[in-house]
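Peer 1: I'd like to ask some things about the structure below.
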Number of protein chains: 2
Amino acid sequence: MVNAILDEPRDSGMRVMLLDPFWGAWRSAVLDRGLAHQWAQCERTGRLENFRRVAEGRDEPHEGRYYDDSDVYKLLEACAYAFGLEPGHPLRPKVEEFIEVLERAQAPDGYINTFVQLGRPDQRWRNLSDKHEMYCLGHLIEAGVAYWEATGDDRLLRVARKAADHVESVFGPGLRKGYCGHEEIELALARLSDATGEALYRELGAWMVAQRGTRPSPFEEEVRGARRAEVGDTPDRVEVEGTYDGSYFQDDTPLLHQREPVGHAVRAMYLYCGALDCFGTTGYAAALEQIWDRLVSSRLYVTGGIGSSAKNEGFTEDFDLPNEGAYAETCAAIGLVMWASRMSRATGSSRYADVMERTLYNAVLSGVSMDATEYFYTNPLASRGGHLRQPWYDCACCPPNLARLLLSLERYAVSVKGDEVTIDLPIAMSLDHEVGGVPVRIEVQSEYPWDGKVTLTVTSDAPVRMAIRVRKPEFSVRWSAEGPEGTDLRIEDGYLVAEGEWRTGDRFEIDLDMPTVWLKSDPRNLDAVGRTALMRGPVLYCLEQADLGFPTPLFAVDPGHEVVVERHEDPRKARTLRVFGYQESPEWGGRALYEAHTGGLLLPTSVPFVPYATWANREPGWMEVWVRSALG
Amino acid sequence: MVNAILDEPRDSGMRVMLLDPFWGAWRSAVLDRGLAHQWAQCERTGRLENFRRVAEGRDEPHEGRYYDDSDVYKLLEACAYAFGLEPGHPLRPKVEEFIEVLERAQAPDGYINTFVQLGRPDQRWRNLSDKHEMYCLGHLIEAGVAYWEATGDDRLLRVARKAADHVESVFGPGLRKGYCGHEEIELALARLSDATGEALYRELGAWMVAQRGTRPSPFEEEVRGARRAEVGDTPDRVEVEGTYDGSYFQDDTPLLHQREPVGHAVRAMYLYCGALDCFGTTGYAAALEQIWDRLVSSRLYVTGGIGSSAKNEGFTEDFDLPNEGAYAETCAAIGLVMWASRMSRATGSSRYADVMERTLYNAVLSGVSMDATEYFYTNPLASRGGHLRQPWYDCACCPPNLARLLLSLERYAVSVKGDEVTIDLPIAMSLDHEVGGVPVRIEVQSEYPWDGKVTLTVTSDAPVRMAIRVRKPEFSVRWSAEGPEGTDLRIEDGYLVAEGEWRTGDRFEIDLDMPTVWLKSDPRNLDAVGRTALMRGPVLYCLEQADLGFPTPLFAVDPGHEVVVERHEDPRKARTLRVFGYQESPEWGGRALYEAHTGGLLLPTSVPFVPYATWANREPGWMEVWVRSALG
């Protein structure tokens with residue numbers, strides 16, 4: 001494979017500038033505080049120093065966990081997006097210097113992994129199931145592509161490509177059968193092909209997707225005997241009574257035959273993304289649709305979070321969705337956003353993007369504090385006040401994953417295919433691209449997610465034929481849409497489509513209702529029975545003790561009473577909701593611990609509900625998403 | 001101290017024969033199956049063999065945990081009661097043979113502890129805080145006294161007394177300051193004094209109670225440095241940020257100054273019992289009353305269980321009473337029965353015996369299966385079906401503790417003081433004693449706890465002056481009582497008292513109402529808010545999936561609807577309760593996981609509630625004590 005020099009980034013087809021105050025506030029926090037905070041944490045914990053140790057040939061031990069390199073790569077990817085948004089971002093000199101360290105840390109043959117390079121040179125590719133070498137390289141590749149696309153600097157991409165070439169020299173058809181215990185490199189290899197125009201990377205990723213789950217698995221031997229003794233932190237969950245059970249790694253059966261989401265949730269999401277990226281719509285779409293249906297019908301939290309169990313950081317049984325005990329890892333939610341976006345684009349159906357939106361506005365954002373310097377690894381739907389955000393984690397996959405997602409939101413908001421522009425998030429933004437050589441700008445005016453009025457205005461040097469597709473969110477049932485004269489207006493797979501000839505000044509006006517809805521869960525989700533959750537548009541709300549002055553379990557909502565929408569100055573919680581219900585009377589206190597139930601001790605009261613994404617940003621206290629309903 | 005030979009057991013003042021079908025069924029299971037099962041488990045796990053190893057001087061390591069001797073002693077105590085009830089009990093030959101082993105295992109100076117004797121002779125009394133040597137001896141003493149009282153055989157008592165004499169030669173005023181990290185020997189020493197007439201034992205116990213919590217604690221040095229390294233399983237909980245915190249052992253402050261129950265719940269109960277047994281009513285009653293009030297007002301489960309946390313097997317904060325996560329160790333409930341009984345007798349007030357009864361009929365009995373061969377160590381108030389009874393535990397304190405309590409229930413049911421007979425459990429039984437040299441029999445006819453009609457009939461060779469006191473249970477609000485002519489009838493400290501001259505045929509007729517009550521908890525117990533629990537008389541009920549065919553969370557009770565009492569053939573669940581309420585409609589299934597809350601999906605239905613004590617005796621499934629109330 002020729003390690004061709006890349007002259008300049010390929011045009012992604014569209015330049016998107018977000019103008020949305022909601023996302024603007026979240027992204028500003030990441031840009032202004034989060035990135036520097038995370039860089040400092042990577043410095044403090046040796047994550048950066050490990051690379052310097054290798055680069056300088058220092059005989060020093062590796063610090064931290066064996067997959068820590070990946071956190072650095074994800075942070076570099078986030079920085080790439082940041083530098084695209086703010087070329088003079090203060091972190092840039094440090095990052096540019098650090099890329100040199102990476103160049104020197106890479107072995108002559110392209111291998112790079114500080115855990116192995118620092119004192120364990122014999123362990124290269126010896127423990128695919130657990131040691132995350134390819135996983136780390138996948139994130140290196142994503143960072144390299146992003147950095148090049150955002151800045152035009154291809155140094156990191158060269159490192160990444162050299163590493164990918166090395167992987168290709170070891171694994172593949174006719175070579176060793178192997179893939180990583182933690183999927184990621186598959187989607188990264190596809191991305192590398194897109195960036196470089198070199199198809200072989202995608203083919204390698206496709207081979208890994210297809211090999212996974214066939215027998216014998218490369219993991220089988222590893223998880224027994226030798227490796228177990230060698231590695232302290234092998235997951236117990238890969239063997240069931242002596243028989244290899246690869247479901248933790250989605251390695252139990254080929255993906256083509258899988259029918260439900262199993263195992264570690266982040267791993268599963270990355271595999272599904274890799275399958276779509278490597279095979280397109282012709283490969284795994286049918287299998288993935290079945291997995292998807294199972295997920296959304298029985299294993300998806302109302303927050304959009306997934307992977308309910310701490311045991312395997314992943315999936316369990318249908319309807320096993322505990323609230324306080326929810327795992328719902330932030331990275332799993334991010335993975336679901338990635339998968340859902342790809343599914344919508346692969347199938348053309350908005351139903352996937354509906355879930356993407358739910359997850360993005362709720363399960364993802366809950367993972368980061370409003371100042372972007374504290375995080376949740378797990379995202380429960382109820383708390384007694386003991387679930388606190390942390391500035392960092394030993395296993396710190398989530399913070400940089402959040403940063404890279406938030407700073408690349410454009411990729412999920414809008415896409416273009418030929419003369420078709422698809423808007424999945426109808427948020428305020430400005431879109432520039434060319435149709436048939438004619439520069440076209442689409443400006444989207446919107447106060448989404450707080451208001452449903454969306455106006456798209458076209459500016460074009462000459463009339464252009466194009467279709468503008470705007471997702472009609474699932475929650476919106478009373479909507480209107482009006483395109484300019486000369487366009488054909490229709491609804492198609494959940495999208496409002498205006499297609500025809502567009503001229504400067506043409507407007508596509510959409511008005512979505514933004515209903516406030518009390519939700520009920522399928523009663524097989526036993527943890528939500530007798531409870532109700534409040535959504536307004538895509539935003540899920542919760543009840544926090546900080547607003548109540550008393551613990552949340554004392555409140556029961558009356559879903560029959562009107563909910564009053566109130567304004568808040570922070571654009572991330574611009575609408576709070578005043579809810580009416582009943583508070584357990586505090587007068588009881590001081591009487592016997594247990595007494596006859598006489599009823600009549602409930603005080604009518606109203607309390608504010610706040611967006612779930614903003615919880616745990618004030619003093620610690622109880623929180624509930626599923627609130628007791630006075631209706632039962 | 002003279003190791004006097006004991007000629008025959010002292011008269012306990014009264015011979016009690018239980019005739020109660022409820023307790024009869026539980027006790028028969030223990031007599032017929034439980035004891036042999038437990039003996040076999042002690043054999044299987046090396047608990048018996050450890051003693052044989054010592055007795056035969058075998059150079060073999062100790063098997064099991066360092067406190068396992070105590071399980072054997074508790075089982076011997078249970079066997080003692082069994083042989084009193086059934087002199088020809090099939091286990092008797094084995095037990096009699098084993099007592100010889102104990103005689104030979106005891107060191108010439110009286111020391112006995114197989115964990116130390118097998119390979120650790122230098123560790124005698126080196127680790128008082130953790131190693132349970134005196135705790136084990138306390139149970140040896142109780143077993144020795146019980147065996148002698150029940151059978152007249154004083155061999156075990158001699159071993160026990162020799163061990164007590166050894167303790168007295170090491171610890172005490174003017175000797176080493178020391179007491180055990182796990183209380184027990186204090187109450188046992190008092191019992192030994194009662195049995196032998198030798199006051200010095202009680203004085204040693206009293207000294208230990210009084211020394212506890214003074215500074216410096218003998219534990220302080222142990223829990224730091226050396227001992228930590230030496231002992232693998234030291235509880236972490238004894239140091240808080242470098243400062244010795246003895247609250248786990250109730251060693252933080254002298255008991256006289258304690259105002260709330262703290263630390264490990266079983267330890268706490270045994271300490272309180274020891275204080276009362278060693279000091280009588282003049283010592284610690286005032287402090288204990290305050291501790292009691294705190295316990296029952298904020299730290300007592302509705303089952304009568306205590307010690308809500310697994311962390312310290314004990315007490316936490318007020319109103320911290322999780323249902324599914326309840327620890328509520330069986331031994332702690334047994335300890336509370338022991339303490340409550342002593343409190344009632346020390347103060348004359350029935351309010352303590354009311355709690356004893358609640359705990360006995362619910363939290364204690366839930367710890368044993370209906371065939372007495374499987375046990376609960378912890379007793380949650382809710383389960384998802386995963387909390388299963390076990391035939392034994394590595395830490396097997398509970399099974400033999402249950403056996404000895406159930407087979408000595410007479411001690412808790414009734415007491416006599418001079419010409420005053422006090423009945424705390426108005427169950428069917430026959431009582432024989434002498435008043436002023438005249439033999440008197442009192443026969444109690446009753447179907448308690450299922451029915452409140454209690455008739456006491458006196459048979460006496462001559463008229464006798466006596467007072468018969470029968471506890472009026474707290475739950476009974478509409479009661480009647482009628483004594484024979486010539487007796488004075490009054491209510492005193494919660495007891496119905498008939499005092500005067502009694503002749504053969506005289507009857508004391510009591511009719512207690514047995515109300516079915518929906519209970520509500522103080523709302524500061526946040527885990528019970530919006531829920532209600534059902535009691536009938538002293539019996540707490542629960543909802544089990546085995547009766548429903550669907551998981552319990554789907555049911556919400558209508559406490560406004562009448563509860564129907566139904567009959568069951570098993571005397572341990574002779575009254576089940578049919579409850580009316582609403583079931584979440586199963587029709588929802590198959591629709592979306594989350595939908596708008598439209599209400600109206602509840603099906604009116606009725607379901608049986610069964611006594612909590614009998615739960616988990618059928619196929620595993622969900623269980624709830626605090627059931628969702630449709631009233632809120």
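In the structure tokens, chains take letters A, B, ... by order of appearance, with residues numbered from 1 within each chain and ligands from 1 in the order shown.
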For Arg27 in chain B, list every protein, DNA or RNA residue within 9 Å, evaluated using only C-alpha atoms, and leave out those in the same chain fewer than 2 positions away; present the list as a list in words.
Peer 2: Phe22, Trp23, Gly24, Ala25, Ala29, Val30, Leu31, Asp32, Ala372, Ala403, Leu406 and Leu407 of chain B
Peer 1: Please check the contacts: residues of chain A at most 7 Å away from chain B, using only C-alpha atoms, listed as a CSV table (one decimal) with N, CA and C atoms, in the first residue's frame.
Peer 2:
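The result, written out as iface.csv:
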chain,number,residue,atom,x,y,z
A,297,SER,N,-37.6,-1.3,21.5
A,297,SER,CA,-38.8,-1.8,22.0
A,297,SER,C,-38.7,-2.3,23.5
A,298,SER,N,-37.4,-2.6,23.9
A,298,SER,CA,-37.3,-3.2,25.2
A,298,SER,C,-36.0,-2.9,26.0
A,517,VAL,N,-45.6,16.2,27.3
A,517,VAL,CA,-46.3,14.9,27.4
A,517,VAL,C,-45.8,14.1,28.7
A,518,TRP,N,-46.8,13.6,29.4
A,518,TRP,CA,-46.5,12.7,30.5
A,518,TRP,C,-46.4,11.3,29.9
A,519,LEU,N,-45.2,10.7,30.0
A,519,LEU,CA,-45.0,9.4,29.4
A,519,LEU,C,-45.3,8.2,30.4
A,520,LYS,N,-45.7,7.1,29.9
A,520,LYS,CA,-45.8,5.9,30.6
A,520,LYS,C,-45.0,4.9,29.9
A,521,SER,N,-44.4,4.0,30.7
A,521,SER,CA,-43.6,2.9,30.2
A,521,SER,C,-44.4,1.6,30.0
A,522,ASP,N,-44.0,0.8,29.0
A,522,ASP,CA,-44.5,-0.5,29.0
A,522,ASP,C,-44.4,-1.1,30.4
A,523,PRO,N,-45.5,-1.7,30.9
A,523,PRO,CA,-45.4,-2.1,32.3
A,523,PRO,C,-44.4,-3.3,32.5
A,526,LEU,N,-40.7,-2.9,35.0
A,526,LEU,CA,-41.3,-2.8,36.3
A,526,LEU,C,-40.8,-1.7,37.1
A,529,VAL,N,-43.4,1.3,36.7
A,529,VAL,CA,-44.8,1.1,36.9
A,529,VAL,C,-45.3,2.1,38.0
A,553,PRO,N,-38.9,11.7,46.5
A,553,PRO,CA,-40.0,10.7,46.7
A,553,PRO,C,-41.2,11.2,47.4
A,554,LEU,N,-41.1,12.4,48.0
A,554,LEU,CA,-42.3,12.9,48.7
A,554,LEU,C,-43.3,13.5,47.8
A,584,GLU,N,-46.3,14.8,50.2
A,584,GLU,CA,-46.6,14.1,51.5
A,584,GLU,C,-46.4,15.1,52.6
A,588,TRP,N,-46.7,14.7,59.5
A,588,TRP,CA,-46.6,13.3,60.1
A,588,TRP,C,-45.4,13.2,61.0
A,589,GLY,N,-44.3,13.8,60.6
A,589,GLY,CA,-43.1,13.6,61.4
A,589,GLY,C,-43.3,13.8,62.9
A,592,ALA,N,-45.6,8.1,65.4
A,592,ALA,CA,-45.0,6.8,65.4
A,592,ALA,C,-44.4,6.5,64.0
A,593,LEU,N,-43.4,5.6,64.0
A,593,LEU,CA,-42.8,5.3,62.7
A,593,LEU,C,-43.8,4.6,61.8
A,594,TYR,N,-44.7,3.8,62.3
A,594,TYR,CA,-45.7,3.2,61.5
A,594,TYR,C,-47.1,3.4,62.2
A,595,GLU,N,-48.0,3.8,61.4
A,595,GLU,CA,-49.4,4.0,61.9
A,595,GLU,C,-50.4,3.6,60.8
A,596,ALA,N,-51.6,3.5,61.3
A,596,ALA,CA,-52.7,3.2,60.3
A,596,ALA,C,-52.7,4.2,59.2
A,597,HIS,N,-52.9,3.7,58.0
A,597,HIS,CA,-53.0,4.6,56.8
A,597,HIS,C,-54.4,5.2,56.8
A,630,ALA,N,-49.9,10.3,40.9
A,630,ALA,CA,-51.1,10.2,41.8
A,630,ALA,C,-52.2,9.4,41.1
A,632,GLY,N,-51.7,6.6,39.6
A,632,GLY,CA,-51.3,5.2,39.6
A,632,GLY,C,-50.7,4.8,38.3
Peer 1: At a cut-off of 8 Å, using only C-alpha atoms, what residues contact range 496-507 of chain B? Leave out same-chain residues fewer than 6 positions from it and give the result as a ChimeraX atom specification.
Peer 2: /B:455-472,481,483-484,486-490
Peer 1: Name the residues of range 265-349 of chain B that fall into alpha helix (DSSP H) according to DSSP on the backbone, using the chain letters and numbers of this document, as a ChimeraX atom specification.
Peer 2: /B:265-279,285-298,330-347
Peer 1: Quick one: everything within 10 Å of range 37-43 of chain A, counting only C-alpha atoms, minus sequence neighbours fewer than 2 positions away in the same chain. Send it as number ranges by chain.
Peer 2: A: 30, 32-35, 45-50, 68-69, 71-72, 75-76, 79, 91, 94-95, 372-374, 391-393, 396, 399-400, 403
Peer 1: Can you tell me, as a PyMOL selection string, what residues are no more than 12 Å from Gly84 in chain A when counting only C-alpha atoms, ignoring any on the same chain fewer than 4 positions away?
Peer 2: chain A and resi 15-17+31+77-80+88-89+92+146-153+407-408+410
Peer 1: Quick one: write out the picked residues with N, CA, C and O atoms as a PDB file, in the first residue's frame?
Peer 2:
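The resulting selection.pdb:
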ATOM      1  N   ARG A  15     -20.255  23.008   4.357  1.00  0.00           N
ATOM      2  CA  ARG A  15     -19.728  23.688   5.536  1.00  0.00           C
ATOM      3  C   ARG A  15     -20.909  24.091   6.405  1.00  0.00           C
ATOM      4  O   ARG A  15     -21.844  24.743   5.924  1.00  0.00           O
ATOM      5  N   VAL A  16     -20.843  23.681   7.618  1.00  0.00           N
ATOM      6  CA  VAL A  16     -21.962  23.915   8.530  1.00  0.00           C
ATOM      7  C   VAL A  16     -21.482  24.836   9.646  1.00  0.00           C
ATOM      8  O   VAL A  16     -20.417  24.613  10.220  1.00  0.00           O
ATOM      9  N   MET A  17     -22.233  25.872   9.902  1.00  0.00           N
ATOM     10  CA  MET A  17     -21.921  26.700  11.061  1.00  0.00           C
ATOM     11  C   MET A  17     -23.129  26.715  11.993  1.00  0.00           C
ATOM     12  O   MET A  17     -24.200  27.212  11.635  1.00  0.00           O
ATOM     13  N   LEU A  31     -15.209  24.156  24.642  1.00  0.00           N
ATOM     14  CA  LEU A  31     -14.107  24.881  24.000  1.00  0.00           C
ATOM     15  C   LEU A  31     -13.324  25.719  25.008  1.00  0.00           C
ATOM     16  O   LEU A  31     -12.088  25.739  24.986  1.00  0.00           O
ATOM     17  N   GLU A  77      -8.806  14.251  18.725  1.00  0.00           N
ATOM     18  CA  GLU A  77      -9.888  14.397  17.746  1.00  0.00           C
ATOM     19  C   GLU A  77     -10.780  15.588  18.117  1.00  0.00           C
ATOM     20  O   GLU A  77     -11.143  16.401  17.270  1.00  0.00           O
ATOM     21  N   ALA A  78     -11.093  15.691  19.418  1.00  0.00           N
ATOM     22  CA  ALA A  78     -11.896  16.827  19.879  1.00  0.00           C
ATOM     23  C   ALA A  78     -11.169  18.142  19.607  1.00  0.00           C
ATOM     24  O   ALA A  78     -11.779  19.130  19.163  1.00  0.00           O
ATOM     25  N   CYS A  79      -9.874  18.141  19.844  1.00  0.00           N
ATOM     26  CA  CYS A  79      -9.086  19.349  19.590  1.00  0.00           C
ATOM     27  C   CYS A  79      -9.117  19.705  18.110  1.00  0.00           C
ATOM     28  O   CYS A  79      -9.171  20.879  17.729  1.00  0.00           O
ATOM     29  N   ALA A  80      -9.075  18.689  17.264  1.00  0.00           N
ATOM     30  CA  ALA A  80      -9.138  18.946  15.823  1.00  0.00           C
ATOM     31  C   ALA A  80     -10.398  19.731  15.485  1.00  0.00           C
ATOM     32  O   ALA A  80     -10.349  20.765  14.801  1.00  0.00           O
ATOM     33  N   GLY A  88      -7.327  29.683  16.405  1.00  0.00           N
ATOM     34  CA  GLY A  88      -6.360  30.179  17.389  1.00  0.00           C
ATOM     35  C   GLY A  88      -6.605  29.673  18.793  1.00  0.00           C
ATOM     36  O   GLY A  88      -6.239  30.311  19.772  1.00  0.00           O
ATOM     37  N   HIS A  89      -7.252  28.528  18.901  1.00  0.00           N
ATOM     38  CA  HIS A  89      -7.564  27.983  20.230  1.00  0.00           C
ATOM     39  C   HIS A  89      -6.282  27.827  21.055  1.00  0.00           C
ATOM     40  O   HIS A  89      -5.256  27.379  20.543  1.00  0.00           O
ATOM     41  N   ARG A  92      -3.798  24.849  20.966  1.00  0.00           N
ATOM     42  CA  ARG A  92      -3.207  24.391  19.710  1.00  0.00           C
ATOM     43  C   ARG A  92      -1.684  24.197  19.760  1.00  0.00           C
ATOM     44  O   ARG A  92      -1.185  23.167  19.288  1.00  0.00           O
ATOM     45  N   ALA A 146      -9.627  13.564  11.404  1.00  0.00           N
ATOM     46  CA  ALA A 146     -10.283  14.797  11.842  1.00  0.00           C
ATOM     47  C   ALA A 146      -9.292  15.963  11.846  1.00  0.00           C
ATOM     48  O   ALA A 146      -9.631  17.087  11.446  1.00  0.00           O
ATOM     49  N   TYR A 147      -8.082  15.691  12.297  1.00  0.00           N
ATOM     50  CA  TYR A 147      -7.088  16.766  12.394  1.00  0.00           C
ATOM     51  C   TYR A 147      -6.737  17.305  11.010  1.00  0.00           C
ATOM     52  O   TYR A 147      -6.617  18.505  10.795  1.00  0.00           O
ATOM     53  N   TRP A 148      -6.597  16.394  10.108  1.00  0.00           N
ATOM     54  CA  TRP A 148      -6.270  16.793   8.737  1.00  0.00           C
ATOM     55  C   TRP A 148      -7.436  17.559   8.108  1.00  0.00           C
ATOM     56  O   TRP A 148      -7.262  18.619   7.508  1.00  0.00           O
ATOM     57  N   GLU A 149      -8.625  17.031   8.289  1.00  0.00           N
ATOM     58  CA  GLU A 149      -9.783  17.698   7.693  1.00  0.00           C
ATOM     59  C   GLU A 149      -9.998  19.092   8.281  1.00  0.00           C
ATOM     60  O   GLU A 149     -10.403  20.014   7.592  1.00  0.00           O
ATOM     61  N   ALA A 150      -9.724  19.231   9.573  1.00  0.00           N
ATOM     62  CA  ALA A 150     -10.018  20.501  10.235  1.00  0.00           C
ATOM     63  C   ALA A 150      -8.907  21.518  10.035  1.00  0.00           C
ATOM     64  O   ALA A 150      -9.169  22.729   9.982  1.00  0.00           O
ATOM     65  N   THR A 151      -7.662  21.045   9.945  1.00  0.00           N
ATOM     66  CA  THR A 151      -6.542  21.995   9.934  1.00  0.00           C
ATOM     67  C   THR A 151      -5.691  21.918   8.681  1.00  0.00           C
ATOM     68  O   THR A 151      -4.872  22.808   8.447  1.00  0.00           O
ATOM     69  N   GLY A 152      -5.825  20.850   7.920  1.00  0.00           N
ATOM     70  CA  GLY A 152      -4.959  20.683   6.769  1.00  0.00           C
ATOM     71  C   GLY A 152      -3.600  20.101   7.121  1.00  0.00           C
ATOM     72  O   GLY A 152      -2.800  19.790   6.235  1.00  0.00           O
ATOM     73  N   ASP A 153      -3.339  19.930   8.405  1.00  0.00           N
ATOM     74  CA  ASP A 153      -2.073  19.367   8.883  1.00  0.00           C
ATOM     75  C   ASP A 153      -2.192  17.846   8.846  1.00  0.00           C
ATOM     76  O   ASP A 153      -3.031  17.269   9.540  1.00  0.00           O
ATOM     77  N   LEU A 407     -18.250  18.703  19.771  1.00  0.00           N
ATOM     78  CA  LEU A 407     -17.582  19.612  18.841  1.00  0.00           C
ATOM     79  C   LEU A 407     -17.709  19.158  17.381  1.00  0.00           C
ATOM     80  O   LEU A 407     -17.257  19.852  16.478  1.00  0.00           O
ATOM     81  N   SER A 408     -18.317  18.003  17.182  1.00  0.00           N
ATOM     82  CA  SER A 408     -18.552  17.572  15.799  1.00  0.00           C
ATOM     83  C   SER A 408     -20.036  17.354  15.545  1.00  0.00           C
ATOM     84  O   SER A 408     -20.436  16.544  14.717  1.00  0.00           O
ATOM     85  N   GLU A 410     -22.109  18.995  14.043  1.00  0.00           N
ATOM     86  CA  GLU A 410     -22.495  19.274  12.659  1.00  0.00           C
ATOM     87  C   GLU A 410     -22.703  17.985  11.872  1.00  0.00           C
ATOM     88  O   GLU A 410     -23.596  17.889  11.029  1.00  0.00           O
TER      89      GLU A 410
END
